[in-house]
Amino acid sequence: GLAFDPGTGVDSSVRGKFFLCDFGGGTSNSGIRSFTLEADGAFYKLGESDQPIWNVLATDVAFGPDGAMWISDWVQGWDGVGKGRIYRVMGPEFNAKVAKQVRDLLASNMESLGAEELLSLLSHADRRLRNEATWQLAARGSVEPLAKVALDTSGNRLARMHAIWGVEQSLRKASEVTPAMKAASASIATLLRDADEMIRSTAVDFMGQHGDASNAAALMPMMADASLRVRAHAALALAEMANRKVTAPGTFDATVAMLAENDNRDPIVRHSGVTLLAALGDAPAIASLKQHASLSVRRAAVVALRQMGSDQITKFLDDASPLVVLESVRAIHDTPIPAAYESLARMLKDTMVTDDAILRRVLNANYRLGTKEHAEALATYAARPVAPVAMRREAIEMLKAWETPDPRDRVLGDYRPLNVRSV
């Protein structure tokens with residue numbers, strides 16, 4: 001059970017919090033934990049955490065349309081005792097008036113509401129009502145009033161974001177793009193210069209879904225935005241466009257610059273840069289980053305080539321950084337990238353390789369390739385007195401299992417069957 005505060009109900013103590021069931025088998029060590037998340041660049045970090053409801057063997061937690069929190073109780077033990085309880089929880093500051101309004105609106109036919117009332121709900125404290133209003137306005141194709149809300153710089157942030165999402169949904173649902181939709185799209189593009197980073201990020205996402213080549217050119221500078229969140233969203237939006245074969249000149253270099261500047265600090269910026277490199281699909285250009293001075297860029301290049309399944313990744317097997325080499329070995333072996341297995345197997349001759357994670361995969365590459373030459377390579381390694389004892393034993397075990405290999409991979413445990421073979 002995991003639930004997030006919908007914005008109304010229970011009381012003010014739950015605002016902005018996640019609630020998670022912690023099932024420990026007994027009431028003394030079980031209950032509902034709460035925590036908040038705080039923005040940390042494009043990523044998040046853990047904020048306040050607590051145990052607001054404890055000594056109950058909770059299996060699920062949810063917020064009901066009545067404004068209460070509902071909890072199911074397993075009672076005791078891992079096997080259960082053949083009975084259970086359901087608790088309805090409200091705090092001392094429960095606002096019955098607001099709860100009734102939300103309950104009645106959620107139960108109503110939203111199609112009967114007028115445009116003005118739906119637009120007013122875009123700024124409602126309850127997320128469920130905001131979503132319902134957004135979906136209804138989008139279904140009606142109400143792009144002009146939605147765009148007006150989005151462009152209101154003095155308006156509620158959440159209302160503006162929902163308005164952008166509403167325009168995007170209208171475009172996605174439309175059988176043809178009307179002049180009004182084109183005008184609304186153009187107005188959303190102006191929000192790339194908005195002062196609010198969340199509005200800029202949402203506008204970036206919109207353009208990634210519906211943009212053309214000119215929009216790709218407009219998004220590219222956003223990878224250098226002052227906000228790390230905007231940078232990440234811009235790279236992901238450009239990746240979405242690249243998957244549709246829509247790109248702008250200079251995108252590759254801008255992506256590399258973003259990754260270098262990030263220097264592995266923000267994981268979401270790193271992920272978005274890797275995703276964009278892979279979407280651009282230029283394996284030789286990515287492989288050329290082997291010469292890049294930034295360790296972060298070279299590791300990102302390896303992960304991008306892994307996503308592409310490209311054998312160009314072998315160029316990084318002799319990188320100066322052990323981290324890059326390990327990333328490359330894992331990519332080739334674990335993905336797997338069969339075309340690069342031979343290069344991986346040849347690393348067994350390198351006496352400088354001592355990392356267990358690398359050696360196990362190099363040994364396994366020889367085992368899986370399965371020729372006479374690979375068997376001889378394993379035997380030679382097993383006889384090498386300076387090699388790690390555990391790895392020499394692993395080579396011997398591989399030779400013992402050579403004829404009838406286990407269908408489970410020796411490193412990962414995945415089902416990767418091999419054919420029966422002769423010694």
# chains A, B, ... in the order shown; residues from 1 in each chain; ligands from 1
call {"tool": "residues_around", "arguments": {"residues": "Ala99 in chain A", "least_positions_apart": "6", "cutoff": "9 Å", "atoms": "only C-alpha atoms", "output": "mmCIF file with N, CA and C atoms, in the first residue's frame"}}
result
data_model
loop_
_atom_site.group_PDB
_atom_site.id
_atom_site.type_symbol
_atom_site.label_atom_id
_atom_site.label_comp_id
_atom_site.auth_asym_id
_atom_site.auth_seq_id
_atom_site.Cartn_x
_atom_site.Cartn_y
_atom_site.Cartn_z
ATOM 1 N N THR A 8 -6.913 17.331 -0.141
ATOM 2 C CA THR A 8 -7.975 17.629 0.828
ATOM 3 C C THR A 8 -8.237 16.364 1.630
ATOM 4 N N GLY A 9 -8.958 16.514 2.721
ATOM 5 C CA GLY A 9 -9.335 15.356 3.523
ATOM 6 C C GLY A 9 -8.433 15.140 4.720
ATOM 7 N N VAL A 10 -8.857 14.262 5.627
ATOM 8 C CA VAL A 10 -8.188 13.879 6.880
ATOM 9 C C VAL A 10 -7.968 15.131 7.734
ATOM 10 N N PRO A 65 -13.067 9.026 -1.430
ATOM 11 C CA PRO A 65 -13.736 10.234 -1.900
ATOM 12 C C PRO A 65 -14.469 10.973 -0.774
ATOM 13 N N ASP A 66 -14.607 10.323 0.384
ATOM 14 C CA ASP A 66 -15.286 10.950 1.527
ATOM 15 C C ASP A 66 -14.363 11.833 2.349
ATOM 16 N N GLY A 67 -13.072 11.901 1.953
ATOM 17 C CA GLY A 67 -12.121 12.727 2.683
ATOM 18 C C GLY A 67 -11.389 11.997 3.784
ATOM 19 N N ALA A 68 -11.674 10.724 3.988
ATOM 20 C CA ALA A 68 -11.010 9.938 5.029
ATOM 21 C C ALA A 68 -9.875 9.110 4.447
#
call {"tool": "residues_around", "arguments": {"residues": "Ala331 in chain A", "least_positions_apart": "3", "cutoff": "9 Å", "atoms": "only C-alpha atoms", "output": "ChimeraX atom specification"}}
result
/A:302-303,305-307,309,313,326-328,334-337
call {"tool": "write_last_selection", "arguments": {"atoms": "N, CA, C and O atoms", "output": "JSON list (two decimals), in the first residue's frame"}}
result
[["chain", "number", "residue", "atom", "x", "y", "z"],
["A", 302, "VAL", "N", 28.85, 5.16, -22.86],
["A", 302, "VAL", "CA", 28.76, 3.70, -22.75],
["A", 302, "VAL", "C", 27.32, 3.26, -22.50],
["A", 302, "VAL", "O", 26.81, 2.32, -23.13],
["A", 303, "VAL", "N", 26.63, 3.96, -21.61],
["A", 303, "VAL", "CA", 25.24, 3.58, -21.30],
["A", 303, "VAL", "C", 24.34, 3.81, -22.51],
["A", 303, "VAL", "O", 23.43, 3.03, -22.79],
["A", 305, "LEU", "N", 25.29, 3.61, -25.67],
["A", 305, "LEU", "CA", 25.57, 2.52, -26.61],
["A", 305, "LEU", "C", 24.96, 1.21, -26.12],
["A", 305, "LEU", "O", 24.53, 0.37, -26.92],
["A", 306, "ARG", "N", 24.91, 1.04, -24.80],
["A", 306, "ARG", "CA", 24.23, -0.14, -24.24],
["A", 306, "ARG", "C", 22.76, -0.13, -24.62],
["A", 306, "ARG", "O", 22.21, -1.16, -25.04],
["A", 307, "GLN", "N", 22.10, 1.02, -24.47],
["A", 307, "GLN", "CA", 20.69, 1.12, -24.83],
["A", 307, "GLN", "C", 20.48, 0.82, -26.32],
["A", 307, "GLN", "O", 19.46, 0.25, -26.70],
["A", 309, "GLY", "N", 22.41, -1.17, -28.07],
["A", 309, "GLY", "CA", 22.89, -2.51, -28.40],
["A", 309, "GLY", "C", 23.99, -2.49, -29.44],
["A", 309, "GLY", "O", 24.12, -3.43, -30.24],
["A", 313, "ILE", "N", 30.59, -0.18, -28.56],
["A", 313, "ILE", "CA", 30.92, -0.09, -27.14],
["A", 313, "ILE", "C", 32.28, -0.71, -26.82],
["A", 313, "ILE", "O", 32.91, -0.38, -25.81],
["A", 326, "LEU", "N", 34.31, -1.12, -16.43],
["A", 326, "LEU", "CA", 33.29, -1.95, -15.78],
["A", 326, "LEU", "C", 31.92, -1.71, -16.40],
["A", 326, "LEU", "O", 31.17, -2.66, -16.66],
["A", 327, "GLU", "N", 31.60, -0.45, -16.67],
["A", 327, "GLU", "CA", 30.31, -0.12, -17.29],
["A", 327, "GLU", "C", 30.20, -0.77, -18.67],
["A", 327, "GLU", "O", 29.14, -1.28, -19.05],
["A", 328, "SER", "N", 31.30, -0.78, -19.42],
["A", 328, "SER", "CA", 31.31, -1.37, -20.76],
["A", 328, "SER", "C", 31.15, -2.88, -20.69],
["A", 328, "SER", "O", 30.40, -3.49, -21.46],
["A", 334, "ASP", "N", 25.70, -8.15, -19.86],
["A", 334, "ASP", "CA", 24.39, -8.23, -19.21],
["A", 334, "ASP", "C", 23.24, -7.91, -20.15],
["A", 334, "ASP", "O", 22.13, -8.40, -19.95],
["A", 335, "THR", "N", 23.48, -7.07, -21.18],
["A", 335, "THR", "CA", 22.35, -6.64, -22.02],
["A", 335, "THR", "C", 21.65, -7.80, -22.73],
["A", 335, "THR", "O", 20.41, -7.88, -22.64],
["A", 336, "PRO", "N", 22.31, -8.72, -23.45],
["A", 336, "PRO", "CA", 23.70, -8.71, -23.87],
["A", 336, "PRO", "C", 23.85, -8.07, -25.26],
["A", 336, "PRO", "O", 22.86, -7.80, -25.94],
["A", 337, "ILE", "N", 25.13, -7.86, -25.65],
["A", 337, "ILE", "CA", 25.45, -7.39, -27.00],
["A", 337, "ILE", "C", 26.33, -8.47, -27.63],
["A", 337, "ILE", "O", 27.56, -8.44, -27.53]]
call {"tool": "atom_distance", "arguments": {"atom1": "CA of Glu261 in chain A", "atom2": "CA of Thr36 in chain A"}}
result
29.1 Å
call {"tool": "closest_residue", "arguments": {"among": "A:Ala224, A:Leu57, A:Leu105, A:Ala216", "to": "Ile32 in chain A", "atoms": "only C-alpha atoms"}}
result
A:Leu57
call {"tool": "residues_around", "arguments": {"residues": "Val420 in chain A", "least_positions_apart": "5", "cutoff": "8 Å", "atoms": "only C-alpha atoms", "output": "ChimeraX atom specification"}}
result
/A:403-405
call {"tool": "write_last_selection", "arguments": {"atoms": "N, CA and C atoms", "output": "short mmCIF file (atom, residue, chain, number, x, y, z; two decimals), in the first residue's frame"}}
result
data_model
loop_
_atom_site.label_atom_id
_atom_site.label_comp_id
_atom_site.auth_asym_id
_atom_site.auth_seq_id
_atom_site.Cartn_x
_atom_site.Cartn_y
_atom_site.Cartn_z
N GLU A 403 30.22 -29.53 -21.41
CA GLU A 403 29.41 -30.33 -22.34
C GLU A 403 27.92 -30.09 -22.17
N THR A 404 27.46 -29.99 -20.92
CA THR A 404 26.03 -29.82 -20.66
C THR A 404 25.82 -28.60 -19.78
N PRO A 405 25.90 -27.41 -20.37
CA PRO A 405 25.80 -26.19 -19.57
C PRO A 405 24.42 -25.98 -18.97
#
call {"tool": "atom_distance", "arguments": {"atom1": "CA of Lys17 in chain A", "atom2": "CA of Leu228 in chain A"}}
result
23.6 Å
call {"tool": "select_by_dssp", "arguments": {"residues": "range 230-301 of chain A", "states": "alpha helix (DSSP H)", "output": "JSON, numbers by chain"}}
result
{"A": [230, 231, 232, 233, 234, 235, 236, 237, 238, 239, 240, 241, 242, 243, 251, 252, 253, 254, 255, 256, 257, 258, 259, 260, 261, 262, 267, 268, 269, 270, 271, 272, 273, 274, 275, 276, 277, 278, 279, 280, 283, 284, 285, 286, 287, 295, 296, 297, 298, 299, 300, 301]}
call {"tool": "residues_around", "arguments": {"residues": "Thr134 in chain A", "least_positions_apart": "4", "cutoff": "7 Å", "atoms": "only C-alpha atoms", "output": "PyMOL selection string"}}
result
chain A and resi 122+130+138+162-163+166
call {"tool": "residues_around", "arguments": {"residues": "Arg160 in chain A", "least_positions_apart": "5", "cutoff": "12 Å", "atoms": "only C-alpha atoms", "output": "VMD selection string"}}
result
chain A and resid 119 to 124 130 134 145 to 155 165 to 167 188 191 194 196 198 to 203
call {"tool": "residues_around", "arguments": {"residues": "Ala174 in chain A", "least_positions_apart": "4", "cutoff": "12 Å", "atoms": "only C-alpha atoms", "output": "PDB file with N, CA, C and O atoms, in the first residue's frame"}}
result
ATOM      1  N   ALA A 138     -10.337  18.890 -21.955  1.00  0.00           N
ATOM      2  CA  ALA A 138      -9.602  18.343 -23.100  1.00  0.00           C
ATOM      3  C   ALA A 138     -10.538  17.607 -24.040  1.00  0.00           C
ATOM      4  O   ALA A 138     -10.434  17.720 -25.273  1.00  0.00           O
ATOM      5  N   ALA A 139     -11.472  16.826 -23.482  1.00  0.00           N
ATOM      6  CA  ALA A 139     -12.428  16.091 -24.308  1.00  0.00           C
ATOM      7  C   ALA A 139     -13.307  17.044 -25.124  1.00  0.00           C
ATOM      8  O   ALA A 139     -13.735  16.705 -26.228  1.00  0.00           O
ATOM      9  N   ARG A 140     -13.557  18.219 -24.583  1.00  0.00           N
ATOM     10  CA  ARG A 140     -14.366  19.203 -25.299  1.00  0.00           C
ATOM     11  C   ARG A 140     -13.540  20.009 -26.312  1.00  0.00           C
ATOM     12  O   ARG A 140     -14.098  20.791 -27.077  1.00  0.00           O
ATOM     13  N   GLY A 141     -12.234  19.842 -26.278  1.00  0.00           N
ATOM     14  CA  GLY A 141     -11.382  20.622 -27.176  1.00  0.00           C
ATOM     15  C   GLY A 141     -11.336  22.092 -26.812  1.00  0.00           C
ATOM     16  O   GLY A 141     -11.157  22.963 -27.698  1.00  0.00           O
ATOM     17  N   SER A 142     -11.421  22.394 -25.526  1.00  0.00           N
ATOM     18  CA  SER A 142     -11.465  23.793 -25.061  1.00  0.00           C
ATOM     19  C   SER A 142     -10.063  24.388 -24.968  1.00  0.00           C
ATOM     20  O   SER A 142      -9.609  24.807 -23.895  1.00  0.00           O
ATOM     21  N   VAL A 143      -9.374  24.446 -26.092  1.00  0.00           N
ATOM     22  CA  VAL A 143      -7.964  24.848 -26.060  1.00  0.00           C
ATOM     23  C   VAL A 143      -7.782  26.344 -25.807  1.00  0.00           C
ATOM     24  O   VAL A 143      -6.801  26.755 -25.180  1.00  0.00           O
ATOM     25  N   VAL A 167      -4.351  21.229 -23.010  1.00  0.00           N
ATOM     26  CA  VAL A 167      -4.128  21.546 -24.429  1.00  0.00           C
ATOM     27  C   VAL A 167      -3.444  20.363 -25.113  1.00  0.00           C
ATOM     28  O   VAL A 167      -3.814  19.963 -26.231  1.00  0.00           O
ATOM     29  N   GLU A 168      -2.466  19.775 -24.438  1.00  0.00           N
ATOM     30  CA  GLU A 168      -1.742  18.627 -25.016  1.00  0.00           C
ATOM     31  C   GLU A 168      -2.691  17.457 -25.257  1.00  0.00           C
ATOM     32  O   GLU A 168      -2.657  16.817 -26.313  1.00  0.00           O
ATOM     33  N   GLN A 169      -3.556  17.184 -24.290  1.00  0.00           N
ATOM     34  CA  GLN A 169      -4.508  16.080 -24.447  1.00  0.00           C
ATOM     35  C   GLN A 169      -5.507  16.354 -25.569  1.00  0.00           C
ATOM     36  O   GLN A 169      -5.887  15.444 -26.306  1.00  0.00           O
ATOM     37  N   SER A 170      -5.916  17.615 -25.705  1.00  0.00           N
ATOM     38  CA  SER A 170      -6.835  17.972 -26.794  1.00  0.00           C
ATOM     39  C   SER A 170      -6.199  17.684 -28.144  1.00  0.00           C
ATOM     40  O   SER A 170      -6.837  17.133 -29.053  1.00  0.00           O
ATOM     41  N   THR A 178      -6.995  21.955 -35.564  1.00  0.00           N
ATOM     42  CA  THR A 178      -7.737  23.141 -35.987  1.00  0.00           C
ATOM     43  C   THR A 178      -6.863  24.390 -35.849  1.00  0.00           C
ATOM     44  O   THR A 178      -5.836  24.364 -35.145  1.00  0.00           O
ATOM     45  N   ALA A 180      -7.488  26.919 -34.055  1.00  0.00           N
ATOM     46  CA  ALA A 180      -7.456  27.255 -32.635  1.00  0.00           C
ATOM     47  C   ALA A 180      -6.393  26.435 -31.898  1.00  0.00           C
ATOM     48  O   ALA A 180      -5.697  26.942 -31.006  1.00  0.00           O
ATOM     49  N   MET A 181      -6.246  25.177 -32.276  1.00  0.00           N
ATOM     50  CA  MET A 181      -5.235  24.322 -31.652  1.00  0.00           C
ATOM     51  C   MET A 181      -3.831  24.788 -32.023  1.00  0.00           C
ATOM     52  O   MET A 181      -2.920  24.787 -31.191  1.00  0.00           O
ATOM     53  N   LYS A 182      -3.636  25.184 -33.270  1.00  0.00           N
ATOM     54  CA  LYS A 182      -2.335  25.713 -33.697  1.00  0.00           C
ATOM     55  C   LYS A 182      -1.984  26.965 -32.916  1.00  0.00           C
ATOM     56  O   LYS A 182      -0.836  27.145 -32.486  1.00  0.00           O
TER      57      LYS A 182
END
call {"tool": "closest_residue", "arguments": {"among": "A:Asp22, A:Asp355, A:Asp406, A:Glu116", "to": "Ala390 in chain A", "atoms": "only C-alpha atoms"}}
result
A:Asp355
call {"tool": "residues_around", "arguments": {"residues": "range 73-89 of chain A", "least_positions_apart": "5", "cutoff": "8 Å", "atoms": "only C-alpha atoms", "output": "short mmCIF file (atom, residue, chain, number, x, y, z; two decimals) with N, CA and C atoms, in the first residue's frame"}}
result
data_model
loop_
_atom_site.label_atom_id
_atom_site.label_comp_id
_atom_site.auth_asym_id
_atom_site.auth_seq_id
_atom_site.Cartn_x
_atom_site.Cartn_y
_atom_site.Cartn_z
N VAL A 10 -8.86 14.26 5.63
CA VAL A 10 -8.19 13.88 6.88
C VAL A 10 -7.97 15.13 7.73
N GLY A 25 4.76 -8.35 10.11
CA GLY A 25 4.31 -9.63 10.63
C GLY A 25 3.65 -9.57 11.99
N GLY A 26 3.91 -8.47 12.72
CA GLY A 26 3.29 -8.30 14.04
C GLY A 26 2.94 -6.84 14.26
N THR A 27 1.99 -6.60 15.15
CA THR A 27 1.54 -5.22 15.34
C THR A 27 2.59 -4.32 15.97
N VAL A 56 -0.37 -1.40 13.95
CA VAL A 56 -1.43 -2.00 13.18
C VAL A 56 -0.79 -2.71 11.99
N LEU A 57 -1.20 -3.94 11.72
CA LEU A 57 -0.58 -4.73 10.65
C LEU A 57 -1.25 -4.36 9.32
N ALA A 58 -0.92 -3.17 8.83
CA ALA A 58 -1.58 -2.61 7.65
C ALA A 58 -1.10 -3.28 6.37
N THR A 59 -2.04 -3.59 5.48
CA THR A 59 -1.71 -4.15 4.17
C THR A 59 -1.99 -3.17 3.03
N ASP A 60 -2.85 -2.17 3.30
CA ASP A 60 -3.13 -1.18 2.24
C ASP A 60 -3.61 0.11 2.89
N ALA A 68 -11.67 10.72 3.99
CA ALA A 68 -11.01 9.94 5.03
C ALA A 68 -9.87 9.11 4.45
#
call {"tool": "select_by_dssp", "arguments": {"residues": "range 28-254 of chain A", "states": "strand (DSSP E or B)", "output": "ChimeraX atom specification"}}
result
/A:31-40,43-54,58-63,69-73,85-89
call {"tool": "closest_residue", "arguments": {"among": "A:Phe18, A:Ala257, A:Gly64, A:Leu192", "to": "Asp50 in chain A", "atoms": "only C-alpha atoms"}}
result
A:Phe18
